[in-house]
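Participant: Here you go, one structure.
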Amino acid sequence: MDICETTKKSDGLKNTISSCNECVSKIEKITLCGDNCLECPRYLAKTEEEKKKVAELWYRVGWRDKIVSADEISCNGCSSHKQCTYNLVECVKKNGVEKCSQCREFPCEKINSMLRRSFEYKKKCKEVCSKEEYTMLEKAFFRKDKYLKR
């Protein structure tokens, strides 16, 4: 991981977070929509069995209309070459910014719509997930407000 001198000199993650926001996003791997890849079970799944469990969870939650293959559920994180569900990749390019919070229109209707949609997913996850599953998804997907402002 490539981190700055401020972070290298800090004496722990708590100080790192308060001292360098650029490094925080590297440590957390925050997407444009505010998801934290390093907490995401889909991103973290490496074995066929782990991917199968994630595919089943994504189906149960309603993020897939069927249980998909391990190859299809496999994820290396969001990037500019992927299709963004919320059209944020195209939007940041159009507005000449690196992340949404840098845009003069932030928070825009795209962000507000995404947050409303996320809130609905959160309710669904509470209904169908075990406590362990929900905690994992909450850390990955339901802290968008906090992560988007960085």
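Identifiers in this document derive from the order of the structure tokens: chains are assigned A, B, ..., residues are numbered from 1 separately in each chain, and ligands are numbered from 1 in order of occurrence.
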Fewer than 3 positions away in the same chain doesn't count, so skip those; otherwise give me all residues within 8 Å of A:Cys37, counting only C-alpha atoms, as a compact mmCIF listing (two decimals) with all heavy atoms, in the first residue's frame.
Facilitator:
# COMPACT_ATOMS: atom_id res chain seq x y z
N GLU A 28 -9.20 2.29 3.37
CA GLU A 28 -10.59 1.81 3.35
C GLU A 28 -11.06 1.41 1.97
O GLU A 28 -12.00 0.67 1.85
CB GLU A 28 -11.51 2.90 3.90
CG GLU A 28 -11.26 3.16 5.36
CD GLU A 28 -12.06 4.31 5.90
OE1 GLU A 28 -12.24 5.30 5.17
OE2 GLU A 28 -12.50 4.20 7.04
N LYS A 29 -10.46 1.92 0.90
CA LYS A 29 -10.87 1.67 -0.48
C LYS A 29 -12.34 2.04 -0.66
O LYS A 29 -13.20 1.19 -0.88
CB LYS A 29 -10.58 0.24 -0.90
CG LYS A 29 -10.68 0.04 -2.41
CD LYS A 29 -10.10 -1.26 -2.83
CE LYS A 29 -10.37 -1.52 -4.28
NZ LYS A 29 -9.38 -1.13 -5.21
N ILE A 30 -12.61 3.32 -0.56
CA ILE A 30 -13.96 3.85 -0.66
C ILE A 30 -14.30 4.13 -2.12
O ILE A 30 -13.53 4.78 -2.83
CB ILE A 30 -14.10 5.15 0.17
CG1 ILE A 30 -13.69 4.91 1.63
CG2 ILE A 30 -15.52 5.71 0.06
CD1 ILE A 30 -14.48 3.85 2.35
N THR A 31 -15.46 3.67 -2.56
CA THR A 31 -15.91 3.89 -3.93
C THR A 31 -16.59 5.25 -4.06
O THR A 31 -16.87 5.91 -3.06
CB THR A 31 -16.92 2.81 -4.35
OG1 THR A 31 -18.08 2.92 -3.52
CG2 THR A 31 -16.33 1.41 -4.22
N CYS A 40 -16.39 -5.32 2.23
CA CYS A 40 -17.40 -5.97 1.39
C CYS A 40 -17.14 -7.47 1.25
O CYS A 40 -16.06 -7.87 0.80
CB CYS A 40 -17.40 -5.32 0.00
SG CYS A 40 -18.52 -6.12 -1.16
N TYR A 43 -16.07 -8.38 -2.37
CA TYR A 43 -14.70 -8.00 -2.67
C TYR A 43 -13.70 -8.93 -1.96
O TYR A 43 -12.66 -9.28 -2.50
CB TYR A 43 -14.47 -6.55 -2.24
CG TYR A 43 -13.08 -6.03 -2.51
CD1 TYR A 43 -12.71 -5.59 -3.78
CD2 TYR A 43 -12.14 -5.96 -1.48
CE1 TYR A 43 -11.43 -5.10 -4.01
CE2 TYR A 43 -10.87 -5.46 -1.72
CZ TYR A 43 -10.51 -5.04 -2.98
OH TYR A 43 -9.26 -4.56 -3.21
N LEU A 44 -14.04 -9.33 -0.72
CA LEU A 44 -13.14 -10.15 0.08
C LEU A 44 -13.18 -11.63 -0.27
O LEU A 44 -12.25 -12.37 0.07
CB LEU A 44 -13.48 -9.97 1.57
CG LEU A 44 -13.27 -8.56 2.12
CD1 LEU A 44 -13.81 -8.46 3.54
CD2 LEU A 44 -11.81 -8.16 2.06
N GLY A 77 -13.39 -4.56 -7.05
CA GLY A 77 -13.65 -3.17 -6.67
C GLY A 77 -14.10 -2.35 -7.86
O GLY A 77 -13.89 -2.73 -9.01
N ALA A 140 -19.85 -2.31 5.04
CA ALA A 140 -19.46 -2.15 3.64
C ALA A 140 -20.32 -1.12 2.90
O ALA A 140 -19.80 -0.33 2.12
CB ALA A 140 -19.55 -3.49 2.92
Participant: List the neighbours of A:Trp63 out to 12 Å using only C-alpha atoms; skip same-chain residues closer than 3 positions along the sequence, and give me the result as a ChimeraX atom specification.
Facilitator: /A:42,54-60,66-68,73,85,117-118,120-122,124-125
Participant: Contacts of A:Lys126 at 10 Å or less, counting only C-alpha atoms, minus same-chain residues fewer than 5 places along, as a PyMOL selection string?
Facilitator: chain A and resi 61+121+131+133-135+137-138
Participant: For each of A:Cys103, A:Val92, A:Ile111, A:Ala70, take the minimum atom-to-atom distance to A:Thr47, counting only C-alpha atoms, then give the residue where this is smallest.
Facilitator: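 Of A:Cys103, A:Val92, A:Ile111, A:Ala70, the one nearest A:Thr47, counting only C-alpha atoms, is A:Ala70.
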Participant: How would you write, as an NGL selection string, the set of residues in stretch 102-145 of chain A that DSSP gives as alpha helix (DSSP H)?
Facilitator: :A and (109-128 or 131-141 or 144-145)
Participant: Have a look at atom CA of A:Leu88 and atom CA of A:Met114 and let me know their distance in Å, one decimal.
Facilitator: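 For atom CA of A:Leu88 relative to atom CA of A:Met114, the distance reads 9.9 Å.
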Participant: Which of these residues is nearest to A:Cys108, using only C-alpha atoms: A:Cys91, A:Glu127, A:Glu50, A:Glu39?
Facilitator: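 Residue with the minimum atom-to-atom distance to A:Cys108: A:Cys91.
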Participant: Rounded to one decimal in Å, what is the spacing between atom CA of A:Arg64 and atom CA of A:Asn112?
Facilitator: 22.8 Å
Participant: Find, counting only C-alpha atoms, the residue in A:Arg104, A:Lys99, A:Asn76, A:Phe119 that gets nearest to A:Ala45.
Facilitator: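 Going through A:Arg104, A:Lys99, A:Asn76, A:Phe119 one by one, the smallest distance to A:Ala45 is for A:Asn76.
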Participant: Quick one: everything within 10 Å of A:Cys84, counting only C-alpha atoms, minus sequence neighbours fewer than 6 positions away in the same chain. Send it as a compact mmCIF listing (two decimals) with N, CA, C and O atoms, in the first residue's frame.
Facilitator:
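Generated file (around-v4.txt):
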# COMPACT_ATOMS: atom_id res chain seq x y z
N LEU A 32 -16.89 5.67 -5.28
CA LEU A 32 -17.58 6.94 -5.50
C LEU A 32 -18.93 6.99 -4.78
O LEU A 32 -19.35 8.04 -4.32
N CYS A 33 -19.61 5.86 -4.69
CA CYS A 33 -20.94 5.85 -4.05
C CYS A 33 -20.86 5.66 -2.54
O CYS A 33 -21.89 5.59 -1.87
N CYS A 78 -14.72 -1.24 -7.57
CA CYS A 78 -15.20 -0.36 -8.64
C CYS A 78 -14.04 0.41 -9.24
O CYS A 78 -13.08 0.74 -8.56
N GLU A 90 -19.47 8.50 -14.73
CA GLU A 90 -19.68 9.44 -15.83
C GLU A 90 -19.83 10.87 -15.31
O GLU A 90 -19.33 11.83 -15.89
Participant: Measuring between only C-alpha atoms, which one of A:Pro41, A:Arg150, A:Ser130, A:Glu48 shows the shortest distance to A:Ser101?
Facilitator: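 Comparing A:Pro41, A:Arg150, A:Ser130, A:Glu48 against A:Ser101, the winner is A:Arg150.
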